[in-house]
Amino acid sequence: MNVLFLHSSPDLYGAGKVALEDIKILQKNGHTVVICMSREGPLCDILRDIGCSVNIIPLATVRREYFNLRGILNRFYVYRKSLKALRRVANEHKIELIYTNTTGILTGAIFAKKTRLKHLWHVHEITPGPRWLLKFYGYLLSKYSDVVIAVSDAVKDHWLKVNERINIVRVYNGFDLDAYDGTDWLKKEFNIKSDTILIGMVARVHFWKGQTYFLDIAAQLKSRHSNLKFIMVGDAFPGYEYLYDEIRTRINFHQLEEDVIDLGYREDIARILYDLDIFILPSIQPDPLPTTIIEAMSSGKPVIATNHGGAPEMIKEGETGFLIPWNNAIEAANKIDSLIIDTGLREGMGKAGKLRVKNIFSLKKHEQEIIKLINAI
C-alpha cells in the first residue's frame with residue numbers, strides 16, 4: 001500500500017521518534033511511505049536515508065498562537081495551499097492511505113474525505129480546550145477517519161468524552177530496548193565528582209512541560225543534599241523562546257547557577273539518560289504518553305512524573321518510580337528523597353522499569369498492533 005504520512009515537526013523529540021519508528025514499521029511490512037512535513041529538520045535526513053520520499057509542503061498546522069482573527073485568516077490561506085500540495089503528492093505517488101500523525105494537522109483528514117481515501121489519525125494530544133475546538137475536533141475524528149489511534153488510555157478517554165462515536169483504539173508507543181545502553185561520560189565531560197547524583201529532565205521547552213517546576217524541586221532537594229547536579233535537556237518550541245528568560249530567572253532566584261547544567265537541544269538522548277541516576281518529568285499539564293518516560297525506563301532509571309495524563313499508566317507507583325503533584329515542590333522533593341539516599345532503591349526501580357517497558361511498551365508489540373489496524377482498514 002502507498003501511504004502518505006503527515007507529520008508536523010522535523011525535530012527528534014518524542015513525537016518525531018515515534019513517527020520514525022512507525023514509518024520503519026510500515027516499510028518493514030511492505031508498504032511504501034511518502035512523507036509530508038512543513039519544514040526541513042534532522043528527521044528529514046534520516047527519513048531520506050531509509051528510502052522515503054520527503055516532501056516539504058505547507059500543512060496549515062494548528063497551534064494556539066493562531067487562535068485570533070489574523071491567525072485564522074492565515075491558516076485558511078495556508079490550508080488552501082496545503083490541499084493543493086497534497087493533491088499533487090498523492091497523485092504523483094498513487095496514494096491509497098493518509099496517515100496523519102497529530103491533531104495539529106487537519107488537512108489530511110479533509111483531503112482524505114474529499115478524495116475518498118482511507119484515513120488513519122494517530123492522536124498524541126490531550127487538548128485542554130476551548131470547548132468549541134474540542135467539539136470541532138471530536139466531529140472530525142468521528143466523521144473524517146476510518147480509525148483513530150490514541151497513544152494512551154488517558155488520550156482515548158479524553159476524546160471519547162468529547163465524542164463517544166469516535167472509532168478509537170489505544171496503542172502504546174514502543175521502543176527498542178537495545179537502543180538504550182551507553183557509556184559513562186557526563187561526569188567526565190563536566191568535571192563532576194564521581195559520587196554526585198545526577199537528576200535530569202528531557203523535554204521540549206514549553207510552558208506546560210514544567211522546566212521552572214523542575215527548578216523549584218531542584219532547589220528543595222539541593223537544600224537537603226550536597227551531592228546533586230541537575231541536568232536539563234531540550235530547546236524551545238518556535239514562539240516560546242521567551243521561556244529561556246523565565247528559566248534563567250528561576251535559576252538565579254534559587255541560586256542554582258553552579259548546580260544546573262543546561263545541555264539545550266541534543267540528539268544523543270540515550271547517552272544522557274544512561275548517565276542519569278534519577279529522571280524527572282514535571283509536566284504541569286497532562287502529558288498524553290511522554291516518550292521520555294519510556295526512554296528513561298528503558299535505560300534502567302527510576303522515573304518521577306506528575307500524576308496526570310499518561311504517566312500513571314506508565315509508572316508503577318513505588319515499584320518503577322513515583323508520581324508527584326504538579327504544583328507542590330516540597331511534596332515532590334519528599335518523595336524523591338528516598339531515591340537520593342538509597343542506591344539500592346534506585347537500582348531496583350530502574351530494573352523494574354526496564355522490565356515494564358519490555359512487557360508493555362515493546363517495539364514488537366507496538367508493531368503488531370499498528371499493522372493489525374492498517375490491515376483492517
# chains A, B, ... in the order shown; residues from 1 in each chain; ligands from 1
$ residues_around --residues "Ile25 in chain A" --least-positions-apart "3" --cutoff "10 Å" --atoms "only C-alpha atoms" --output "VMD selection string"
chain A and resid 19 to 22 28 to 31 363 to 364 366 to 368 370 to 371
$ write_last_selection --atoms "C-alpha atoms" --output "CSV table (one decimal), in the first residue's frame"
chain,number,residue,atom,x,y,z
A,19,ALA,CA,6.9,8.8,13.8
A,20,LEU,CA,10.3,7.4,12.7
A,21,GLU,CA,9.5,4.0,14.3
A,22,ASP,CA,6.1,3.8,12.7
A,28,LYS,CA,9.2,-3.4,7.1
A,29,ASN,CA,5.7,-4.7,6.3
A,30,GLY,CA,5.8,-4.0,2.6
A,31,HIS,CA,4.2,-0.5,2.5
A,363,LEU,CA,8.6,-2.2,19.8
A,364,LYS,CA,7.4,-5.6,18.8
A,366,HIS,CA,3.6,-1.8,19.1
A,367,GLU,CA,4.4,-3.1,15.6
A,368,GLN,CA,1.9,-5.9,15.8
A,370,ILE,CA,-0.2,-0.9,14.3
A,371,ILE,CA,-0.1,-3.4,11.4
$ residues_around --residues "Cys44 in chain A" --least-positions-apart "2" --cutoff "10 Å" --atoms "only C-alpha atoms" --output "ChimeraX atom specification"
/A:9-12,20,35-37,39-42,46-49,52-56
$ write_last_selection --atoms "C-alpha atoms" --output "CSV table (one decimal), in the first residue's frame"
chain,number,residue,atom,x,y,z
A,9,SER,CA,7.7,18.7,13.2
A,10,PRO,CA,11.0,17.5,11.8
A,11,ASP,CA,12.7,17.5,15.2
A,12,LEU,CA,13.8,14.4,17.0
A,20,LEU,CA,10.3,7.4,12.7
A,35,ILE,CA,6.3,11.9,3.9
A,36,CYS,CA,5.0,15.4,4.1
A,37,MET,CA,6.3,17.9,6.6
A,39,ARG,CA,9.9,22.4,7.0
A,40,GLU,CA,13.4,20.7,6.9
A,41,GLY,CA,15.0,19.3,10.0
A,42,PRO,CA,17.0,16.4,11.4
A,46,ILE,CA,17.1,10.2,8.5
A,47,LEU,CA,13.9,9.5,6.5
A,48,ARG,CA,15.7,10.1,3.2
A,49,ASP,CA,18.4,7.7,4.4
A,52,CYS,CA,11.4,7.7,2.0
A,53,SER,CA,10.3,10.5,-0.4
A,54,VAL,CA,10.2,13.6,1.8
A,55,ASN,CA,8.1,16.5,0.6
A,56,ILE,CA,8.2,19.9,2.2
$ residues_around --residues "Met232 in chain A" --least-positions-apart "3" --cutoff "7 Å" --atoms "only C-alpha atoms" --output "ChimeraX atom specification"
/A:200-202,261-263
$ write_last_selection --atoms "N, CA and C atoms" --output "mmCIF file, in the first residue's frame"
data_model
loop_
_atom_site.group_PDB
_atom_site.id
_atom_site.type_symbol
_atom_site.label_atom_id
_atom_site.label_comp_id
_atom_site.auth_asym_id
_atom_site.auth_seq_id
_atom_site.Cartn_x
_atom_site.Cartn_y
_atom_site.Cartn_z
ATOM 1 N N GLY A 200 17.888 14.486 36.171
ATOM 2 C CA GLY A 200 17.663 15.221 34.928
ATOM 3 C C GLY A 200 16.248 15.158 34.404
ATOM 4 N N MET A 201 15.977 16.096 33.497
ATOM 5 C CA MET A 201 14.738 16.073 32.734
ATOM 6 C C MET A 201 15.065 16.315 31.276
ATOM 7 N N VAL A 202 14.300 15.675 30.389
ATOM 8 C CA VAL A 202 14.444 15.849 28.945
ATOM 9 C C VAL A 202 13.071 16.206 28.402
ATOM 10 N N ILE A 261 23.033 22.142 34.875
ATOM 11 C CA ILE A 261 23.704 22.092 33.573
ATOM 12 C C ILE A 261 22.616 21.986 32.513
ATOM 13 N N ASP A 262 22.508 23.007 31.680
ATOM 14 C CA ASP A 262 21.501 23.022 30.626
ATOM 15 C C ASP A 262 22.190 22.664 29.309
ATOM 16 N N LEU A 263 21.875 21.488 28.784
ATOM 17 C CA LEU A 263 22.516 20.994 27.569
ATOM 18 C C LEU A 263 21.817 21.459 26.297
#
$ closest_residue --among "A:Ile105, A:Leu59, A:Ile217, A:Ala376" --to "Tyr79 in chain A" --atoms "only C-alpha atoms"
A:Leu59
$ select_by_dssp --residues "range 30-243 of chain A" --states "alpha helix (DSSP H)" --output "ChimeraX atom specification"
/A:42-49,69-93,107-115,131-143,153-162,186-189,211-222,243
$ atom_distance --atom1 "CA of Phe214 in chain A" --atom2 "CA of Phe322 in chain A"
14.8 Å
$ closest_residue --among "A:Leu117, A:Ile294, A:Lys81, A:Tyr13" --to "Arg266 in chain A" --atoms "only C-alpha atoms"
A:Tyr13
$ residues_around --residues "Ala329 in chain A" --least-positions-apart "4" --cutoff "12 Å" --atoms "only C-alpha atoms" --output "number ranges by chain"
A: 210, 212-221, 282, 284, 306, 324-325, 333-336
$ closest_residue --among "A:Val3, A:Leu228, A:Leu141, A:Leu134" --to "Ala90 in chain A" --atoms "only C-alpha atoms"
A:Val3
$ residues_around --residues "Thr292 in chain A" --least-positions-apart "4" --cutoff "10 Å" --atoms "only C-alpha atoms" --output "VMD selection string"
chain A and resid 13 to 14 201 to 203 269 to 270 273 279 to 281 296 to 298 303
$ closest_atom_pairs --of "range 271-345 of chain A" --to "range 194-198 of chain A" --cutoff "10 Å" --atoms "only C-alpha atoms" --output "tab-separated table"
residue	atom	partner	partner_atom	distance
A:Leu273	CA	A:Leu198	CA	9.9
A:Asp275	CA	A:Leu198	CA	7.5
A:Leu276	CA	A:Leu198	CA	5.0
A:Asp277	CA	A:Leu198	CA	5.2
A:Ile278	CA	A:Leu198	CA	6.6
A:Phe279	CA	A:Leu198	CA	8.6
A:Leu339	CA	A:Ile197	CA	10.0
A:Ile340	CA	A:Ile197	CA	7.3
A:Ile341	CA	A:Ile197	CA	9.9
A:Thr343	CA	A:Ile197	CA	9.9
$ residues_around --residues "Pro58 in chain A" --least-positions-apart "4" --cutoff "12 Å" --atoms "only C-alpha atoms" --output "JSON, numbers by chain"
{"A": [6, 7, 8, 9, 36, 37, 38, 39, 40, 62, 74, 75, 76, 77, 78, 79, 80, 81, 82, 83, 84, 85, 86, 105, 106, 107, 108]}
$ write_last_selection --atoms "C-alpha atoms" --output "mmCIF file, in the first residue's frame"
data_model
loop_
_atom_site.group_PDB
_atom_site.id
_atom_site.type_symbol
_atom_site.label_atom_id
_atom_site.label_comp_id
_atom_site.auth_asym_id
_atom_site.auth_seq_id
_atom_site.Cartn_x
_atom_site.Cartn_y
_atom_site.Cartn_z
ATOM 1 C CA LEU A 6 1.795 13.647 7.556
ATOM 2 C CA HIS A 7 3.923 14.831 10.463
ATOM 3 C CA SER A 8 4.140 18.328 11.923
ATOM 4 C CA SER A 9 7.711 18.702 13.183
ATOM 5 C CA CYS A 36 4.962 15.408 4.059
ATOM 6 C CA MET A 37 6.310 17.938 6.558
ATOM 7 C CA SER A 38 6.199 21.723 6.653
ATOM 8 C CA ARG A 39 9.946 22.365 7.038
ATOM 9 C CA GLU A 40 13.364 20.740 6.923
ATOM 10 C CA VAL A 62 -3.000 24.328 14.083
ATOM 11 C CA ASN A 74 -3.566 32.898 7.833
ATOM 12 C CA ARG A 75 -4.446 29.239 8.484
ATOM 13 C CA PHE A 76 -7.289 29.369 5.928
ATOM 14 C CA TYR A 77 -4.911 30.742 3.301
ATOM 15 C CA VAL A 78 -2.276 28.073 4.074
ATOM 16 C CA TYR A 79 -4.991 25.387 4.233
ATOM 17 C CA ARG A 80 -5.943 26.010 0.605
ATOM 18 C CA LYS A 81 -2.291 25.764 -0.438
ATOM 19 C CA SER A 82 -1.951 22.599 1.632
ATOM 20 C CA LEU A 83 -4.845 20.836 -0.095
ATOM 21 C CA LYS A 84 -3.384 21.675 -3.499
ATOM 22 C CA ALA A 85 0.050 20.372 -2.488
ATOM 23 C CA LEU A 86 -1.391 17.187 -1.001
ATOM 24 C CA ILE A 105 -2.758 18.746 11.108
ATOM 25 C CA LEU A 106 -6.351 18.921 9.865
ATOM 26 C CA THR A 107 -5.795 18.917 6.119
ATOM 27 C CA GLY A 108 -5.010 15.188 5.980
#
